[in-house]
Amino acid sequence: MSTSLLRDQTSALKQSFHALAVAGMLLAAGSAPAATTVISDGTFAASNWSLQIGPTTTPGITAGDNQVTSGGDPGSYLAVNYGPTGPADGILNMMTYFTGQSYSSQSQGPISSISFSADLKNVTGLNIVFFGLFQDNTAYLLDLPGLQLTSSWTGYSRSGSTLNNFLSEDYLTHPNLLNGDPIEFGILTSDGSFGGFLAGSYGIDNFQATITSTPEPRTWVLAALGVLAIALSNRMNRQGTKTRRRTGN
């Protein structure tokens with residue numbers, strides 16, 4: 001083997017090791033840049049919101065929601081109500097959630113954190129509510145403390161909430177934020193009383209959930225490896241052409 005040919009092959013091997021080293025660094029990086037998805041509503045059309053009463057709610061307690069076209073902060077808002085007031089003890093767990101847009105961790109990337117904001121107003125009763133999400137027919141509330149509502153429109157927010165911050169109404173399970181079914185977002189009402197249940201109502205306006213996700217690294221790593229492989233192949237082909245010209249083959 002000629003010295004020139006040996007030198008060319010050695011150079012090609014160095015290029016291969018370089019490509020592998022770069023691939024290793026890409027894999028070690030572990031994740032692509034975070035992406036952000038914003039889900040929001042300030043109109044509250046009836047077709048875009050749904051309400052579900054949880055299984056731990058005392059039988060006989062009912063709830064509903066409806067769009068109110070004026071008196072919001074500003075404009076229209078969503079009115080949520082429940083009752084009736086009665087002498088018996090009662091427990092209420094219900095989720096009011098936005099169905100106009102959902103988030104799929106399977107197609108949009110695993111969720112690393114969720115931030116919420118909304119304008120809320122107490123109308124009747126003593127309302128304490130929670131930001132929350134709805135997945136697989138189960139409501140998950142954002143952990144304590146709850147949001148103590150006042151008689152005037154007030155902005156509330158919670159930022160950077162992760163998997164362990166969300167619990168089902170029985171406090172036993174967490175949602176699947178990594179590769180689960182689609183998720184919808186909203187407000188959860190949890191109320192209980194002894195010595196008589198008190199009906200209540202409140203308003204929701206300018207609701208927003210901001211989802212921060214980190215796409216799986218496989219796609220972008222494979223793309224980078226593909227680019228490196230093509231570049232390496234082209235370099236080796238050029239070197240092989242030069243070698244054949246020098247050796248006369």
# chains A, B, ... in the order shown; residues from 1 in each chain; ligands from 1

call {"tool": "closest_atom_pairs", "arguments": {"of": "stretch 10-127 of chain A", "to": "stretch 170-174 of chain A", "cutoff": "10 Å", "atoms": "only C-alpha atoms", "output": "Markdown table"}}
result
| residue | atom | partner | partner_atom | distance |
| --- | --- | --- | --- | --- |
| A:Gly54 | CA | A:Asp170 | CA | 9.9 |
| A:Pro55 | CA | A:Asp170 | CA | 9.5 |
| A:Thr56 | CA | A:Asp170 | CA | 8.0 |
| A:Asn93 | CA | A:Asp170 | CA | 9.9 |

call {"tool": "residues_around", "arguments": {"residues": "stretch 147-153 of chain A", "least_positions_apart": "2", "cutoff": "7 Å", "atoms": "only C-alpha atoms", "output": "ChimeraX atom specification"}}
result
/A:73,119-123,127-130,145,155

call {"tool": "select_by_dssp", "arguments": {"residues": "stretch 19-103 of chain A", "states": "strand (DSSP E)", "output": "ChimeraX atom specification"}}
result
/A:35-41,49-53,62-68,77-83,90-103

call {"tool": "residues_around", "arguments": {"residues": "A:Thr43", "least_positions_apart": "4", "cutoff": "8 Å", "atoms": "only C-alpha atoms", "output": "PyMOL selection string"}}
result
chain A and resi 75-77+205

call {"tool": "write_last_selection", "arguments": {"atoms": "C-alpha atoms", "output": "PDB file, in the first residue's frame"}}
result
ATOM      1  CA  GLY A  75     -66.683  41.941  27.823  1.00  0.00           C
ATOM      2  CA  SER A  76     -67.998  38.403  28.113  1.00  0.00           C
ATOM      3  CA  TYR A  77     -67.051  35.858  30.754  1.00  0.00           C
ATOM      4  CA  ASP A 205     -62.309  35.621  32.288  1.00  0.00           C
TER       5      ASP A 205
END

call {"tool": "closest_residue", "arguments": {"among": "A:Thr96, A:Ser193, A:Thr154, A:Ser107", "to": "A:Ser50", "atoms": "only C-alpha atoms"}}
result
A:Thr96

call {"tool": "residues_around", "arguments": {"residues": "A:Gly196", "least_positions_apart": "4", "cutoff": "12 Å", "atoms": "only C-alpha atoms", "output": "short mmCIF file (atom, residue, chain, number, x, y, z; two decimals) with C-alpha atoms, in the first residue's frame"}}
result
data_model
loop_
_atom_site.label_atom_id
_atom_site.label_comp_id
_atom_site.auth_asym_id
_atom_site.auth_seq_id
_atom_site.Cartn_x
_atom_site.Cartn_y
_atom_site.Cartn_z
CA GLY A 83 -76.06 24.22 44.57
CA PRO A 84 -78.56 23.98 46.08
CA THR A 85 -78.07 25.35 49.58
CA GLY A 86 -79.36 22.81 52.08
CA PRO A 87 -79.19 21.65 55.68
CA ALA A 88 -77.20 18.50 54.91
CA ASP A 89 -73.43 18.18 54.73
CA GLY A 90 -72.05 18.20 51.22
CA ILE A 91 -68.91 17.77 49.12
CA ASP A 191 -65.91 22.68 48.24
CA GLY A 192 -67.15 20.92 51.34
#

call {"tool": "residues_around", "arguments": {"residues": "A:Phe116", "least_positions_apart": "5", "cutoff": "10 Å", "atoms": "only C-alpha atoms", "output": "list in words"}}
result
Val38, Ile39, Ser40, Phe131, Gly132, Leu142, Tyr156, Ser157, Arg158, Ser159, Gly160, Ser161, Phe185, Gly186, Ile187, Phe207, Gln208, Ala209, Thr210 and Ile211 of chain A

call {"tool": "write_last_selection", "arguments": {"atoms": "all heavy atoms", "output": "short mmCIF file (atom, residue, chain, number, x, y, z; two decimals), in the first residue's frame"}}
result
data_model
loop_
_atom_site.label_atom_id
_atom_site.label_comp_id
_atom_site.auth_asym_id
_atom_site.auth_seq_id
_atom_site.Cartn_x
_atom_site.Cartn_y
_atom_site.Cartn_z
N VAL A 38 -49.46 28.07 23.80
CA VAL A 38 -50.39 28.88 24.60
C VAL A 38 -51.82 28.51 24.23
O VAL A 38 -52.19 28.53 23.06
CB VAL A 38 -50.15 30.38 24.39
CG1 VAL A 38 -51.19 31.19 25.17
CG2 VAL A 38 -48.74 30.77 24.82
N ILE A 39 -52.61 28.17 25.24
CA ILE A 39 -54.04 27.88 25.07
C ILE A 39 -54.80 28.92 25.88
O ILE A 39 -54.58 29.05 27.09
CB ILE A 39 -54.37 26.45 25.55
CG1 ILE A 39 -53.69 25.42 24.64
CG2 ILE A 39 -55.88 26.23 25.59
CD1 ILE A 39 -53.85 23.99 25.09
N SER A 40 -55.69 29.66 25.23
CA SER A 40 -56.36 30.76 25.94
C SER A 40 -57.77 30.98 25.40
O SER A 40 -58.11 30.56 24.30
CB SER A 40 -55.55 32.05 25.80
OG SER A 40 -55.46 32.45 24.45
N PHE A 131 -56.54 26.06 39.65
CA PHE A 131 -56.23 25.76 38.27
C PHE A 131 -56.12 24.24 38.14
O PHE A 131 -55.77 23.55 39.12
CB PHE A 131 -54.92 26.41 37.85
CG PHE A 131 -54.98 27.90 37.74
CD1 PHE A 131 -54.20 28.71 38.56
CD2 PHE A 131 -55.81 28.51 36.82
CE1 PHE A 131 -54.25 30.09 38.46
CE2 PHE A 131 -55.88 29.88 36.70
CZ PHE A 131 -55.10 30.68 37.54
N GLY A 132 -56.41 23.73 36.96
CA GLY A 132 -56.35 22.28 36.81
C GLY A 132 -56.35 21.85 35.36
O GLY A 132 -56.39 22.66 34.43
N LEU A 142 -54.37 21.64 40.53
CA LEU A 142 -53.05 22.14 40.87
C LEU A 142 -52.99 22.31 42.38
O LEU A 142 -53.88 22.90 42.98
CB LEU A 142 -52.79 23.47 40.16
CG LEU A 142 -51.43 24.12 40.33
CD1 LEU A 142 -50.31 23.17 39.93
CD2 LEU A 142 -51.36 25.39 39.49
N TYR A 156 -55.15 36.09 38.77
CA TYR A 156 -54.45 35.04 39.50
C TYR A 156 -53.52 34.31 38.54
O TYR A 156 -53.82 34.19 37.34
CB TYR A 156 -55.44 34.03 40.09
CG TYR A 156 -56.38 34.61 41.11
CD1 TYR A 156 -57.56 35.24 40.71
CD2 TYR A 156 -56.12 34.52 42.47
CE1 TYR A 156 -58.44 35.77 41.63
CE2 TYR A 156 -56.99 35.05 43.42
CZ TYR A 156 -58.15 35.67 42.99
OH TYR A 156 -59.02 36.19 43.90
N SER A 157 -52.42 33.79 39.06
CA SER A 157 -51.50 33.04 38.20
C SER A 157 -50.71 32.05 39.03
O SER A 157 -50.49 32.25 40.23
CB SER A 157 -50.55 33.98 37.45
OG SER A 157 -49.72 34.68 38.37
N ARG A 158 -50.31 30.98 38.39
CA ARG A 158 -49.38 30.00 38.94
C ARG A 158 -48.44 29.61 37.81
O ARG A 158 -48.88 29.29 36.71
CB ARG A 158 -50.11 28.75 39.46
CG ARG A 158 -50.96 28.97 40.69
CD ARG A 158 -50.13 29.07 41.97
NE ARG A 158 -49.37 27.86 42.24
CZ ARG A 158 -49.85 26.81 42.91
NH1 ARG A 158 -51.11 26.83 43.36
NH2 ARG A 158 -49.09 25.75 43.15
N SER A 159 -47.15 29.62 38.08
CA SER A 159 -46.19 29.36 37.00
C SER A 159 -45.29 28.18 37.34
O SER A 159 -45.07 27.86 38.51
CB SER A 159 -45.32 30.60 36.74
OG SER A 159 -44.59 30.95 37.90
N GLY A 160 -44.78 27.53 36.27
CA GLY A 160 -43.79 26.48 36.42
C GLY A 160 -44.27 25.23 37.11
O GLY A 160 -43.49 24.53 37.76
N SER A 161 -45.55 24.90 36.99
CA SER A 161 -46.08 23.70 37.65
C SER A 161 -45.68 22.45 36.88
O SER A 161 -45.75 22.40 35.66
CB SER A 161 -47.60 23.78 37.75
OG SER A 161 -47.99 24.94 38.46
N PHE A 185 -57.58 22.15 29.71
CA PHE A 185 -57.19 22.96 30.87
C PHE A 185 -58.37 23.82 31.33
O PHE A 185 -59.20 24.25 30.53
CB PHE A 185 -56.00 23.84 30.51
CG PHE A 185 -54.82 23.06 29.98
CD1 PHE A 185 -54.72 22.76 28.63
CD2 PHE A 185 -53.84 22.61 30.85
CE1 PHE A 185 -53.65 22.02 28.14
CE2 PHE A 185 -52.76 21.87 30.38
CZ PHE A 185 -52.67 21.58 29.02
N GLY A 186 -58.41 24.09 32.65
CA GLY A 186 -59.50 24.89 33.16
C GLY A 186 -59.39 25.16 34.64
O GLY A 186 -58.29 25.26 35.20
N ILE A 187 -60.56 25.28 35.29
CA ILE A 187 -60.66 25.63 36.71
C ILE A 187 -61.43 24.53 37.43
O ILE A 187 -62.50 24.10 36.98
CB ILE A 187 -61.40 26.97 36.90
CG1 ILE A 187 -60.68 28.10 36.15
CG2 ILE A 187 -61.54 27.29 38.37
CD1 ILE A 187 -59.34 28.49 36.73
N PHE A 207 -58.78 33.45 30.49
CA PHE A 207 -58.11 32.23 30.92
C PHE A 207 -56.95 31.89 29.97
O PHE A 207 -57.09 32.01 28.75
CB PHE A 207 -59.09 31.06 30.94
CG PHE A 207 -58.45 29.75 31.30
CD1 PHE A 207 -58.21 29.43 32.63
CD2 PHE A 207 -58.05 28.86 30.32
CE1 PHE A 207 -57.60 28.23 32.97
CE2 PHE A 207 -57.44 27.66 30.64
CZ PHE A 207 -57.21 27.35 31.98
N GLN A 208 -55.84 31.45 30.54
CA GLN A 208 -54.69 31.07 29.72
C GLN A 208 -53.87 29.97 30.40
O GLN A 208 -53.62 30.02 31.60
CB GLN A 208 -53.78 32.27 29.45
CG GLN A 208 -52.56 31.94 28.59
CD GLN A 208 -51.81 33.18 28.16
OE1 GLN A 208 -52.35 34.04 27.45
NE2 GLN A 208 -50.56 33.30 28.59
N ALA A 209 -53.46 29.00 29.61
CA ALA A 209 -52.52 27.96 30.04
C ALA A 209 -51.35 27.97 29.07
O ALA A 209 -51.54 27.93 27.85
CB ALA A 209 -53.18 26.59 30.07
N THR A 210 -50.13 28.05 29.59
CA THR A 210 -48.92 28.05 28.77
C THR A 210 -48.15 26.78 29.06
O THR A 210 -47.70 26.55 30.18
CB THR A 210 -48.05 29.28 29.08
OG1 THR A 210 -48.81 30.47 28.85
CG2 THR A 210 -46.81 29.30 28.20
N ILE A 211 -48.01 25.95 28.02
CA ILE A 211 -47.36 24.65 28.16
C ILE A 211 -45.95 24.72 27.62
O ILE A 211 -45.74 25.12 26.46
CB ILE A 211 -48.15 23.56 27.41
CG1 ILE A 211 -49.59 23.48 27.94
CG2 ILE A 211 -47.46 22.20 27.52
CD1 ILE A 211 -50.59 24.23 27.11
#

call {"tool": "residues_around", "arguments": {"residues": "A:Asn176", "least_positions_apart": "5", "cutoff": "9 Å", "atoms": "only C-alpha atoms", "output": "number ranges by chain"}}
result
A: 105, 135, 163, 181

call {"tool": "write_last_selection", "arguments": {"atoms": "N, CA and C atoms", "output": "compact mmCIF listing (two decimals), in the first residue's frame"}}
result
# COMPACT_ATOMS: atom_id res chain seq x y z
N SER A 105 -49.25 15.33 24.39
CA SER A 105 -47.82 15.11 24.61
C SER A 105 -47.26 14.07 23.65
N GLN A 135 -57.85 15.00 31.84
CA GLN A 135 -57.26 13.97 30.98
C GLN A 135 -57.92 12.63 31.27
N LEU A 163 -45.33 17.82 36.95
CA LEU A 163 -46.16 16.63 37.14
C LEU A 163 -46.64 16.46 38.57
N ASP A 181 -52.70 10.73 26.84
CA ASP A 181 -53.77 11.19 25.97
C ASP A 181 -53.90 12.71 26.04

call {"tool": "closest_residue", "arguments": {"among": "A:Val68, A:Ile61, A:Val80, A:Ile114", "to": "A:Leu177", "atoms": "only C-alpha atoms"}}
result
A:Ile114
